[in-house]
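One file, target_12.tsv, is given below (TSV, C-alpha atoms and all ligand atoms).
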```
chain	number	residue	atom	x	y	z
C	736	MET	CA	15.16	-3.88	3.57
C	737	TYR	CA	15.60	-1.70	6.60
C	738	ASN	CA	17.28	-2.59	9.90
C	739	PRO	CA	14.87	-1.97	12.81
C	740	GLU	CA	17.68	-1.34	15.27
C	741	LYS	CA	18.89	1.68	13.30
C	742	LYS	CA	18.53	5.16	14.74
C	743	SER	CA	16.06	6.21	12.06
C	744	ALA	CA	13.45	3.99	13.71
C	745	LEU	CA	13.04	6.63	16.42
C	746	ILE	CA	9.99	8.81	16.03
C	747	PRO	CA	9.90	12.02	18.05
C	748	SER	CA	6.99	13.01	20.24
C	749	SER	CA	6.51	16.25	18.31
C	750	GLU	CA	4.68	14.47	15.55
C	751	ILE	CA	1.20	14.27	17.00
C	752	THR	CA	-1.36	15.65	14.57
C	753	ASP	CA	-3.80	18.03	16.17
C	754	GLU	CA	-6.59	15.57	16.84
C	755	ALA	CA	-9.38	18.15	16.75
C	756	VAL	CA	-8.33	19.25	13.27
C	757	PHE	CA	-8.26	15.71	12.05
C	758	ARG	CA	-11.63	14.77	13.56
C	759	GLN	CA	-13.17	17.83	11.95
C	760	ARG	CA	-11.85	16.85	8.55
C	761	ARG	CA	-13.19	13.33	8.95
C	762	THR	CA	-16.59	14.68	9.88
C	763	LEU	CA	-16.56	16.72	6.68
C	764	ILE	CA	-15.69	13.69	4.59
C	765	LYS	CA	-18.41	11.66	6.29
C	766	ALA	CA	-20.99	14.41	5.84
C	767	SER	CA	-20.32	14.51	2.11
C	768	MET	CA	-21.12	10.83	1.68
C	769	THR	CA	-24.56	9.49	0.93
C	770	GLY	CA	-26.35	7.30	3.46
C	771	ALA	CA	-25.94	4.22	1.28
C	772	ALA	CA	-22.19	4.71	0.96
C	773	GLY	CA	-22.02	5.40	4.68
C	774	ALA	CA	-23.73	2.13	5.50
C	775	LEU	CA	-21.45	0.26	3.12
C	776	LEU	CA	-18.40	1.73	4.77
C	777	GLY	CA	-19.55	0.87	8.26
C	778	TYR	CA	-20.60	4.32	9.45
C	779	SER	CA	-24.00	2.99	10.47
C	780	ALA	CA	-24.80	2.70	14.17
C	781	GLY	CA	-23.93	-0.55	15.83
C	782	VAL	CA	-20.51	-1.14	14.27
C	783	THR	CA	-18.31	-1.52	17.30
C	784	ALA	CA	-15.76	-4.14	16.28
C	785	ASN	CA	-12.29	-3.23	15.10
C	786	THR	CA	-13.33	-3.55	11.51
C	787	SER	CA	-16.63	-2.85	9.84
C	788	ALA	CA	-18.49	-5.82	8.42
C	789	THR	CA	-16.85	-5.20	5.07
C	790	GLY	CA	-13.40	-4.36	6.38
C	791	PHE	CA	-13.25	-0.90	4.78
C	792	ARG	CA	-12.67	0.97	8.02
C	793	THR	CA	-10.86	-0.18	11.10
C	794	SER	CA	-11.61	1.81	14.24
C	795	GLU	CA	-8.12	1.30	15.66
C	796	GLU	CA	-6.14	4.35	16.59
C	797	LEU	CA	-4.71	6.15	13.57
C	798	THR	CA	-0.99	6.53	13.08
C	799	SER	CA	-0.17	10.24	13.07
C	800	LYS	CA	-0.03	12.09	9.77
C	801	LYS	CA	3.56	13.04	10.54
C	802	THR	CA	4.62	9.40	10.82
C	803	VAL	CA	2.63	8.36	7.74
C	804	THR	CA	4.32	11.04	5.64
C	805	THR	CA	7.89	11.01	7.02
C	806	TYR	CA	8.60	7.35	7.79
C	807	ASN	CA	8.47	5.78	4.36
C	808	ASN	CA	9.79	3.13	2.05
C	809	PHE	CA	10.18	4.48	-1.47
C	810	TYR	CA	13.55	3.33	-2.76
C	811	GLU	CA	13.35	5.52	-5.87
C	812	LEU	CA	13.88	8.42	-3.45
C	813	GLY	CA	16.44	6.68	-1.22
C	814	THR	CA	16.69	3.77	1.18
C	815	ASP	CA	16.60	5.68	4.48
C	816	LYS	CA	13.14	6.07	6.05
C	817	GLY	CA	13.49	9.87	5.89
C	818	ASP	CA	14.70	10.02	2.26
C	819	PRO	CA	11.28	9.90	0.55
C	820	ALA	CA	10.05	13.00	2.39
C	821	ARG	CA	13.48	14.67	2.09
C	822	TYR	CA	13.67	14.19	-1.70
C	823	ALA	CA	9.93	14.27	-2.41
C	824	ASP	CA	10.28	17.16	-4.86
C	825	ARG	CA	12.46	15.02	-7.15
C	826	LEU	CA	9.35	13.07	-8.17
C	827	VAL	CA	7.63	15.07	-10.90
C	828	THR	CA	3.95	14.07	-11.18
C	829	ASP	CA	2.71	16.58	-13.73
C	830	PRO	CA	2.13	15.56	-16.47
C	831	TRP	CA	1.25	11.96	-15.55
C	832	SER	CA	-0.13	9.16	-17.64
C	833	VAL	CA	-0.79	5.47	-17.17
C	834	GLU	CA	-0.30	2.91	-19.94
C	835	ILE	CA	-2.66	-0.06	-19.98
C	836	ASP	CA	-1.65	-3.07	-22.04
C	837	GLY	CA	-1.69	-6.85	-22.32
C	838	GLU	CA	-4.71	-9.15	-22.23
C	839	CYS	CA	-7.60	-6.70	-22.50
C	840	ASN	CA	-9.94	-5.28	-25.14
C	841	LYS	CA	-9.32	-1.63	-24.34
C	842	PRO	CA	-5.61	-0.97	-23.93
C	843	GLY	CA	-4.26	2.56	-24.20
C	844	LYS	CA	-2.53	5.46	-22.56
C	845	LEU	CA	-4.64	7.51	-20.17
C	846	THR	CA	-3.91	10.88	-18.64
C	847	LEU	CA	-4.21	11.02	-14.87
C	848	GLU	CA	-7.43	12.97	-15.31
C	849	ASP	CA	-8.92	10.22	-17.46
C	850	VAL	CA	-7.91	7.57	-14.95
C	851	LEU	CA	-9.62	9.42	-12.11
C	852	LYS	CA	-12.64	11.02	-13.79
C	853	PRO	CA	-15.31	8.32	-13.39
C	854	HIS	CA	-14.42	7.33	-9.84
C	855	ASP	CA	-15.86	8.60	-6.57
C	856	ILE	CA	-13.14	9.09	-4.00
C	857	GLU	CA	-13.91	7.65	-0.57
C	858	GLU	CA	-12.01	7.33	2.68
C	859	ARG	CA	-10.93	3.91	3.91
C	860	ILE	CA	-8.98	3.20	7.07
C	861	TYR	CA	-6.66	0.24	6.61
C	862	ARG	CA	-3.86	-1.35	8.58
C	863	LEU	CA	-0.56	-1.47	6.68
C	864	ARG	CA	1.82	-4.16	7.91
C	865	CYS	CA	5.41	-4.01	6.72
C	866	VAL	CA	7.57	-7.12	6.47
C	867	GLU	CA	10.01	-5.22	8.70
C	868	ALA	CA	7.58	-5.91	11.59
C	869	TRP	CA	6.09	-2.45	12.06
C	870	SER	CA	2.58	-1.42	11.18
C	871	MET	CA	0.45	1.69	10.79
C	872	VAL	CA	-3.25	2.52	10.59
C	873	ILE	CA	-3.79	4.92	7.71
C	874	PRO	CA	-6.80	6.87	6.41
C	875	TRP	CA	-6.46	6.56	2.63
C	876	ASN	CA	-8.58	8.22	-0.04
C	877	GLY	CA	-9.29	6.43	-3.27
C	878	PHE	CA	-11.43	3.74	-4.89
C	879	SER	CA	-11.43	0.02	-5.65
C	880	LEU	CA	-8.82	-1.07	-8.19
C	881	GLY	CA	-11.38	-3.49	-9.68
C	882	ASP	CA	-13.60	-0.58	-10.76
C	883	LEU	CA	-10.67	0.84	-12.72
C	884	LEU	CA	-9.58	-2.50	-14.23
C	885	LYS	CA	-13.09	-3.34	-15.48
C	886	ARG	CA	-12.97	-0.27	-17.73
C	887	PHE	CA	-10.20	-1.88	-19.80
C	888	GLU	CA	-12.20	-5.09	-20.34
C	889	PRO	CA	-9.66	-7.76	-19.40
C	890	ASN	CA	-10.10	-10.84	-21.61
C	891	GLY	CA	-10.16	-14.54	-20.72
C	892	ASN	CA	-6.36	-14.83	-20.78
C	893	ALA	CA	-5.93	-12.18	-18.09
C	894	LYS	CA	-4.90	-14.23	-15.04
C	895	TYR	CA	-2.69	-11.61	-13.37
C	896	VAL	CA	-2.21	-7.85	-13.26
C	897	ALA	CA	1.28	-6.34	-13.28
C	898	PHE	CA	2.16	-2.81	-12.18
C	899	GLU	CA	5.20	-0.63	-12.78
C	900	THR	CA	6.44	2.57	-11.14
C	901	ILE	CA	7.89	5.53	-13.03
C	902	VAL	CA	11.53	5.49	-14.16
C	903	ASP	CA	13.02	8.99	-14.17
C	904	GLU	CA	16.64	10.05	-14.01
C	905	ARG	CA	15.70	12.80	-11.57
C	906	LEU	CA	14.88	10.19	-8.91
C	907	PRO	CA	18.01	9.95	-6.75
C	908	GLY	CA	17.43	6.35	-5.65
C	909	GLN	CA	17.33	5.12	-9.24
C	910	ARG	CA	20.97	6.09	-9.69
C	911	VAL	CA	21.77	3.21	-7.32
C	912	PRO	CA	21.10	-0.40	-8.29
C	913	VAL	CA	19.52	-1.42	-4.95
C	914	LEU	CA	16.65	-2.86	-6.99
C	915	GLU	CA	16.24	-3.44	-10.69
C	916	TRP	CA	14.18	-0.49	-11.98
C	917	PRO	CA	11.32	-0.04	-12.61
C	918	TYR	CA	9.82	-1.20	-9.31
C	919	ARG	CA	7.36	-3.94	-10.23
C	920	GLU	CA	4.49	-5.62	-8.47
C	921	GLY	CA	1.71	-8.00	-9.38
C	922	LEU	CA	-1.53	-9.53	-8.17
C	923	ARG	CA	-3.58	-12.50	-9.23
C	924	MET	CA	-6.72	-11.32	-11.03
C	925	ASP	CA	-9.09	-12.26	-8.18
C	926	GLU	CA	-6.89	-10.41	-5.67
C	927	ALA	CA	-6.84	-7.36	-7.92
C	928	MET	CA	-10.62	-7.43	-8.36
C	929	HIS	CA	-11.31	-7.83	-4.63
C	930	PRO	CA	-13.19	-4.74	-3.35
C	931	LEU	CA	-10.65	-4.17	-0.56
C	932	THR	CA	-7.83	-3.69	-3.10
C	933	MET	CA	-7.52	0.00	-3.58
C	934	ILE	CA	-6.03	2.67	-5.81
C	935	ALA	CA	-5.16	5.42	-3.37
C	936	THR	CA	-4.99	9.03	-4.51
C	937	GLY	CA	-4.64	10.69	-1.13
C	938	VAL	CA	-4.11	10.26	2.56
C	939	TYR	CA	-5.52	12.07	5.60
C	940	GLY	CA	-8.07	13.80	3.35
C	941	GLU	CA	-5.40	15.48	1.23
C	942	ASP	CA	-3.77	14.74	-2.12
C	943	MET	CA	-1.21	11.98	-1.98
C	944	PRO	CA	2.17	13.34	-0.89
C	945	ASN	CA	4.94	12.37	-3.31
C	946	GLN	CA	6.69	10.31	-0.65
C	947	ASN	CA	3.59	8.15	-0.26
C	948	GLY	CA	3.39	7.41	-3.99
C	949	ALA	CA	1.67	10.29	-5.77
C	950	PRO	CA	-0.37	10.48	-7.85
C	951	LEU	CA	-1.64	6.87	-7.81
C	952	ARG	CA	-0.58	3.92	-5.70
C	953	LEU	CA	-1.89	0.54	-4.81
C	954	VAL	CA	-3.02	-0.42	-1.29
C	955	VAL	CA	-3.56	-4.14	-0.62
C	956	PRO	CA	-4.31	-4.30	3.10
C	957	TRP	CA	-3.86	-8.04	3.68
C	958	LYS	CA	-0.41	-8.18	2.05
C	959	TYR	CA	2.94	-6.88	3.28
C	960	GLY	CA	3.46	-3.20	2.57
C	961	PHE	CA	5.86	-3.73	-0.31
C	962	LYS	CA	3.01	-5.08	-2.50
C	963	SER	CA	1.45	-1.60	-2.37
C	964	ILE	CA	3.38	-0.17	-5.30
C	965	LYS	CA	3.68	3.60	-5.58
C	966	SER	CA	3.52	6.12	-8.44
C	967	ILE	CA	2.09	3.69	-11.01
C	968	VAL	CA	2.69	4.36	-14.72
C	969	ARG	CA	1.84	0.97	-16.24
C	970	ILE	CA	-0.83	-1.66	-15.67
C	971	SER	CA	-0.55	-4.88	-17.69
C	972	PHE	CA	-2.92	-7.83	-17.85
C	973	THR	CA	-0.89	-11.03	-18.17
C	974	GLU	CA	-1.48	-14.74	-18.55
C	975	LYS	CA	1.65	-15.69	-16.62
C	976	GLN	CA	2.58	-14.66	-13.09
C	977	PRO	CA	4.56	-11.44	-13.54
C	978	PRO	CA	7.99	-10.79	-12.01
C	979	THR	CA	7.95	-8.62	-8.86
C	980	SER	CA	10.80	-6.44	-7.58
C	981	TRP	CA	11.41	-7.93	-4.16
C	982	ASN	CA	11.06	-11.48	-5.38
C	983	MET	CA	13.57	-10.76	-8.17
C	984	SER	CA	15.94	-9.22	-5.63
C	985	ALA	CA	15.72	-11.94	-2.92
C	986	PRO	CA	13.50	-14.87	-3.97
C	987	HIS	CA	14.05	-16.86	-0.76
C	988	GLU	CA	12.85	-13.88	1.32
C	989	TYR	CA	9.95	-12.48	-0.71
C	990	GLY	CA	7.37	-14.56	-2.55
C	991	PHE	CA	4.82	-13.49	-5.12
C	992	TYR	CA	1.86	-13.65	-2.72
C	993	SER	CA	3.40	-11.95	0.33
C	994	ASN	CA	0.26	-12.38	2.41
C	995	VAL	CA	0.64	-11.23	6.01
C	996	ASN	CA	1.11	-14.50	7.86
C	997	PRO	CA	2.39	-14.77	11.45
C	998	GLU	CA	3.20	-18.44	10.82
C	999	VAL	CA	5.56	-17.95	7.92
C	1000	SER	CA	8.66	-16.19	9.11
C	1001	HIS	CA	10.96	-14.03	7.07
C	1002	PRO	CA	14.63	-15.01	7.46
C	1003	ARG	CA	15.44	-11.64	9.10
C	1004	TRP	CA	12.24	-10.52	10.79
C	1005	SER	CA	9.74	-12.58	12.78
C	1006	GLN	CA	6.27	-12.12	11.38
C	1007	ALA	CA	4.56	-13.23	14.62
C	1008	LYS	CA	4.42	-9.77	16.18
C	1009	GLU	CA	4.57	-6.17	15.06
C	1010	ARG	CA	5.17	-2.72	16.46
C	1011	ARG	CA	2.30	-0.32	15.80
C	1012	LEU	CA	3.79	3.06	14.99
C	1013	ALA	CA	2.77	6.22	16.80
C	1014	GLY	CA	-0.93	6.76	17.27
C	1015	GLU	CA	-2.69	10.11	17.46
C	1016	SER	CA	-2.59	10.25	21.22
C	1017	LYS	CA	0.94	8.99	21.82
C	1018	GLY	CA	3.63	10.15	19.46
C	1019	ILE	CA	6.10	7.97	21.28
C	1020	SER	CA	9.17	6.33	19.86
C	1021	SER	CA	8.44	3.22	17.86
C	1022	LEU	CA	11.16	1.40	19.76
C	1023	PHE	CA	9.23	1.75	23.02
C	1024	THR	CA	5.86	0.82	21.60
C	1025	PRO	CA	4.93	-2.64	22.84
C	1026	LYS	CA	4.65	-5.32	20.20
C	1027	VAL	CA	1.25	-6.77	19.38
C	1028	ASP	CA	0.38	-10.08	17.74
C	1029	THR	CA	0.22	-10.01	13.97
C	1030	ALA	CA	-3.10	-11.28	12.64
C	1031	PHE	CA	-3.39	-13.74	9.76
C	1032	LEU	CA	-3.96	-11.78	6.55
C	1033	ASN	CA	-3.44	-8.66	8.63
C	1034	GLY	CA	-6.89	-9.06	10.21
C	1035	TYR	CA	-8.70	-9.21	6.85
C	1036	ALA	CA	-9.15	-13.01	6.82
C	1037	ASP	CA	-12.96	-12.80	6.95
C	1038	GLN	CA	-12.87	-10.89	3.70
C	1039	VAL	CA	-10.05	-12.57	1.77
C	1040	ALA	CA	-9.16	-16.00	3.19
C	1041	SER	CA	-11.48	-17.59	0.62
C	1042	LEU	CA	-9.07	-16.50	-2.12
C	1043	TYR	CA	-6.52	-18.99	-0.79
C	1044	THR	CA	-8.53	-22.01	0.37
C	1045	ASP	CA	-6.73	-24.55	-1.80
C	1046	MET	CA	-3.24	-23.14	-1.41
C	1047	ASP	CA	-0.37	-24.09	0.87
C	1048	LEU	CA	0.56	-20.61	2.12
C	1049	LYS	CA	3.86	-21.87	3.53
C	1050	LYS	CA	4.86	-22.82	-0.01
C	1051	HIS	CA	3.22	-19.85	-1.72
C	1052	PHE	CA	4.54	-17.24	0.73
C	1101	LIG	N1	6.69	1.40	-4.32
C	1101	LIG	C1	7.78	1.80	-4.99
C	1101	LIG	N2	7.65	2.21	-6.23
C	1101	LIG	N3	9.03	1.80	-4.42
C	1101	LIG	C2	9.24	1.35	-3.14
C	1101	LIG	O1	10.39	1.34	-2.67
C	1101	LIG	N4	8.21	0.44	-1.11
C	1101	LIG	C3	7.14	-0.46	-0.64
C	1101	LIG	C4	5.74	0.08	-0.97
C	1101	LIG	N5	5.70	0.59	-2.33
C	1101	LIG	C5	8.10	0.91	-2.39
C	1101	LIG	C6	6.82	0.97	-3.01
C	1101	LIG	C7	7.25	-0.75	0.79
C	1101	LIG	S1	8.56	-1.74	1.26
C	1101	LIG	C8	6.32	-0.31	1.71
C	1101	LIG	S2	6.36	-0.82	3.34
C	1101	LIG	C9	5.27	0.67	1.31
C	1101	LIG	O2	5.41	1.10	-0.04
C	1101	LIG	C10	5.37	1.88	2.22
C	1101	LIG	O3	4.34	2.79	1.95
C	1101	LIG	P1	4.31	4.18	2.75
C	1101	LIG	O4	5.67	4.77	2.68
C	1101	LIG	O5	3.27	5.02	2.09
C	1101	LIG	O6	3.93	3.83	4.17
```

Show how you would write the structure in this file as structure tokens.
Ligand code: MTE
Amino acid sequence: MYNPEKKSALIPSSEITDEAVFRQRRTLIKASMTGAAGALLGYSAGVTANTSATGFRTSEELTSKKTVTTYNNFYELGTDKGDPARYADRLVTDPWSVEIDGECNKPGKLTLEDVLKPHDIEERIYRLRCVEAWSMVIPWNGFSLGDLLKRFEPNGNAKYVAFETIVDERLPGQRVPVLEWPYREGLRMDEAMHPLTMIATGVYGEDMPNQNGAPLRLVVPWKYGFKSIKSIVRISFTEKQPPTSWNMSAPHEYGFYSNVNPEVSHPRWSQAKERRLAGESKGISSLFTPKVDTAFLNGYADQVASLYTDMDLKKHF
């Protein structure tokens, strides 16, 4: 993937989102939630740690909206960090449908509307840690993937869930064989059903920008960013571990699990530390942001370490 020493890593100071506007929007979102949901999400008084008890909302400083929406990895739109925003209009999201197949009782093809209809959209603030050793804190909107998957009634053979992104000749990056298209990702069933695993439909209180994976993308906060597949058109329940794009492309660099782990280094980037990209109050160049220690499972160990108790994570990286 990307070379951190390249010029495109520089983020100008002009990108700071007007904090007052953002706070106001958040207050609106909060006000529209019921007390019970608020408590669940950690809005209740007394939550002072970096994460709420459930991990749904970190209170760390947000990365600016400008950075979140202009510094992207979305190889279907190009390999430069600015390409996804630059070519965002090449991704056509209307009409959109999602095909569900494999080991389940209720397969089928759903329109985007049918995918979304039964779900309440909530805001969650998650860290996203890229294997390239930068990280962001992002306010996503969406709902738990598990709530969607249950609707298709996965059967006893469903051990994994596989995801695919759209293939469309209008996507400029797909004219280049940097990866084998479609982009593919997968999760073990218990990872997919974990309440932290999210289908995101928006960011910063607005509809998902194309460059961030409109209209539906995955967000798996304890795994490296590349697991969070964008613009999903297929969800398959499988018995065998499904192939995943980065593992197919460089198996010695990218494993199936891809859990954030400061002790398992990538051949080209140390995973011990990370650079947190521009916060609301700074807007400074990423290259001058001091590095911070990377936390095991990206800081979500309390919630998800139990998924891996019997596994050697150096082997299953
Ligand atoms: N999904 C698709 N379809 N194509 C991609 O190239 N890049 C991944 C992931 N999902 C990618 C993708 C990588 S490497 C990262 S770090 C995250 O998306 C970036 O998400 P963001 O641009 O919204 O921050």

Exercise for the section: May I ask you to write as a PyMOL selection string all residues lying at most 6 Å from ligand LIG 1101 (chain C), with all atoms listed in the file counted? Expected result: chain C and resi 803+807-811+865+900+918+947+960-961+963-965

With C-alpha atoms kept, could you save the residues just selected as a CSV table (one decimal), keeping the file's coordinate frame?
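To be explicit, this is the file written out as out.csv:
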```
chain,number,residue,atom,x,y,z
C,803,VAL,CA,2.6,8.4,7.7
C,807,ASN,CA,8.5,5.8,4.4
C,808,ASN,CA,9.8,3.1,2.0
C,809,PHE,CA,10.2,4.5,-1.5
C,810,TYR,CA,13.6,3.3,-2.8
C,811,GLU,CA,13.4,5.5,-5.9
C,865,CYS,CA,5.4,-4.0,6.7
C,900,THR,CA,6.4,2.6,-11.1
C,918,TYR,CA,9.8,-1.2,-9.3
C,947,ASN,CA,3.6,8.2,-0.3
C,960,GLY,CA,3.5,-3.2,2.6
C,961,PHE,CA,5.9,-3.7,-0.3
C,963,SER,CA,1.4,-1.6,-2.4
C,964,ILE,CA,3.4,-0.2,-5.3
C,965,LYS,CA,3.7,3.6,-5.6
```

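Considering all atoms listed in the file, the residue among C:Gly990, C:Gly948, C:Gly937, C:Pro1025 positioned nearest to Ile873 in chain C is C:Gly937.
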
Problem - Selected residue, from C:Trp831, C:Trp869, C:Tyr939, C:Tyr822, that lies nearest to Val1027 in chain C when counting all atoms listed in the file - result: C:Trp869

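Computed from the coordinates, the CA of Thr793 in chain C to CA of Tyr806 in chain C distance equals 21.1 Å.
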
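Residues near the point (3.0, 0.1, 15.8), at a distance of 6 Å or less over only C-alpha atoms, make up Trp869, Ser870, Met871, Arg1010, Arg1011 and Leu1012 of chain C.
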
Exercise for the section: Give as a PyMOL selection string every residue, naming chains and numbers as the document does, that has an atom within 8 Å of (0.8, -10.9, 3.4), counting all atoms listed in the file. Expected result: chain C and resi 957-959+992-996+1032-1033+1052

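What separates CA of Met983 in chain C from CA of Val999 in chain C is a distance of 19.4 Å.
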
Practice task
For Gly813 in chain C, please output as a list of chain:residue names all residues within 9 Å (counting all atoms listed in the file; exclusion window: fewer than 4 positions along the same chain).
Solution key: C:Asn808, C:Phe809, C:Gly817, C:Asp818, C:Pro819, C:Tyr822, C:Leu906, C:Pro907, C:Gly908, C:Gln909, C:Val911

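CA of Ala985 in chain C is positioned 13.8 Å from CA of Pro912 in chain C.
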
Wanna dump the range 883-940 of chain C-range 825-830 of chain C contacts at 10 Å for me, each residue with its shortest atom pair and the distance in Å to one decimal, counting all atoms listed in the file, ordered by chain and number, as a tab-separated table?
```
residue	atom	partner	partner_atom	distance
C:Ile901	CA	C:Leu826	CA	9.1
C:Val902	CA	C:Leu826	CA	9.9
C:Asp903	CA	C:Leu826	CA	8.1
C:Glu904	CA	C:Arg825	CA	9.4
C:Arg905	CA	C:Arg825	CA	5.9
C:Leu906	CA	C:Arg825	CA	5.7
C:Pro907	CA	C:Arg825	CA	7.5
```

With 6 Å on each side, where is the centre of the axis-aligned box around all listed atoms of range 904-913 of chain C, and how long are its edges in Å to one decimal, as AutoDock Vina command-line options?
```
--center_x 18.3 --center_y 5.7 --center_z -9.5 --size_x 18.9 --size_y 26.2 --size_z 21.1
```

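When all atoms listed in the file are used to measure the gap to Thr804 in chain C, the shortest distance among C:Leu922, C:Glu899, C:Asp942, C:Glu857 belongs to C:Asp942.
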
Problem - Selected residue of minimal separation from Val872 in chain C among C:Thr798, C:Thr1029, C:Thr936, C:Gln1006, counting only C-alpha atoms - result: C:Thr798

For range 968-982 of chain C in the structure I just supplied, write out N, CA, C and O atoms - as an mmCIF file, in the first residue's frame.
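File written: out38.cif
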```cif
data_model
loop_
_atom_site.group_PDB
_atom_site.id
_atom_site.type_symbol
_atom_site.label_atom_id
_atom_site.label_comp_id
_atom_site.auth_asym_id
_atom_site.auth_seq_id
_atom_site.Cartn_x
_atom_site.Cartn_y
_atom_site.Cartn_z
ATOM 1 N N VAL C 968 -21.665 -4.987 -2.284
ATOM 2 C CA VAL C 968 -22.774 -5.456 -3.133
ATOM 3 C C VAL C 968 -23.101 -6.930 -2.910
ATOM 4 O O VAL C 968 -24.093 -7.427 -3.439
ATOM 5 N N ARG C 969 -22.236 -7.649 -2.171
ATOM 6 C CA ARG C 969 -22.527 -9.064 -1.926
ATOM 7 C C ARG C 969 -22.081 -9.466 -0.527
ATOM 8 O O ARG C 969 -20.989 -9.072 -0.082
ATOM 9 N N ILE C 970 -22.940 -10.235 0.127
ATOM 10 C CA ILE C 970 -22.627 -10.801 1.442
ATOM 11 C C ILE C 970 -22.902 -12.301 1.335
ATOM 12 O O ILE C 970 -24.017 -12.700 0.973
ATOM 13 N N SER C 971 -21.874 -13.117 1.603
ATOM 14 C CA SER C 971 -22.028 -14.574 1.456
ATOM 15 C C SER C 971 -21.664 -15.276 2.751
ATOM 16 O O SER C 971 -20.615 -14.992 3.331
ATOM 17 N N PHE C 972 -22.521 -16.190 3.178
ATOM 18 C CA PHE C 972 -22.203 -17.018 4.346
ATOM 19 C C PHE C 972 -21.467 -18.259 3.848
ATOM 20 O O PHE C 972 -21.957 -18.934 2.936
ATOM 21 N N THR C 973 -20.294 -18.538 4.416
ATOM 22 C CA THR C 973 -19.493 -19.647 3.899
ATOM 23 C C THR C 973 -19.064 -20.581 5.034
ATOM 24 O O THR C 973 -18.982 -20.187 6.191
ATOM 25 N N GLU C 974 -18.761 -21.811 4.638
ATOM 26 C CA GLU C 974 -18.271 -22.777 5.615
ATOM 27 C C GLU C 974 -16.756 -22.653 5.740
ATOM 28 O O GLU C 974 -16.189 -22.814 6.810
ATOM 29 N N LYS C 975 -16.110 -22.350 4.599
ATOM 30 C CA LYS C 975 -14.650 -22.220 4.597
ATOM 31 C C LYS C 975 -14.239 -20.757 4.687
ATOM 32 O O LYS C 975 -14.974 -19.866 4.250
ATOM 33 N N GLN C 976 -13.052 -20.536 5.198
ATOM 34 C CA GLN C 976 -12.507 -19.175 5.296
ATOM 35 C C GLN C 976 -12.415 -18.576 3.889
ATOM 36 O O GLN C 976 -11.774 -19.156 3.008
ATOM 37 N N PRO C 977 -13.057 -17.459 3.655
ATOM 38 C CA PRO C 977 -13.078 -16.913 2.285
ATOM 39 C C PRO C 977 -11.776 -16.191 1.924
ATOM 40 O O PRO C 977 -11.064 -15.710 2.807
ATOM 41 N N PRO C 978 -11.468 -16.127 0.616
ATOM 42 C CA PRO C 978 -10.291 -15.359 0.199
ATOM 43 C C PRO C 978 -10.516 -13.866 0.436
ATOM 44 O O PRO C 978 -11.649 -13.380 0.345
ATOM 45 N N THR C 979 -9.447 -13.136 0.763
ATOM 46 C CA THR C 979 -9.557 -11.690 0.988
ATOM 47 C C THR C 979 -8.508 -10.979 0.125
ATOM 48 O O THR C 979 -7.411 -11.509 -0.100
ATOM 49 N N SER C 980 -8.848 -9.793 -0.343
ATOM 50 C CA SER C 980 -8.045 -9.123 -1.387
ATOM 51 C C SER C 980 -6.579 -8.948 -1.011
ATOM 52 O O SER C 980 -5.692 -9.275 -1.796
ATOM 53 N N TRP C 981 -6.308 -8.395 0.166
ATOM 54 C CA TRP C 981 -4.920 -8.098 0.487
ATOM 55 C C TRP C 981 -4.131 -9.357 0.776
ATOM 56 O O TRP C 981 -2.938 -9.436 0.481
ATOM 57 N N ASN C 982 -4.788 -10.355 1.320
ATOM 58 C CA ASN C 982 -4.107 -11.633 1.533
ATOM 59 C C ASN C 982 -3.806 -12.294 0.193
ATOM 60 O O ASN C 982 -2.718 -12.856 0.003
#
```
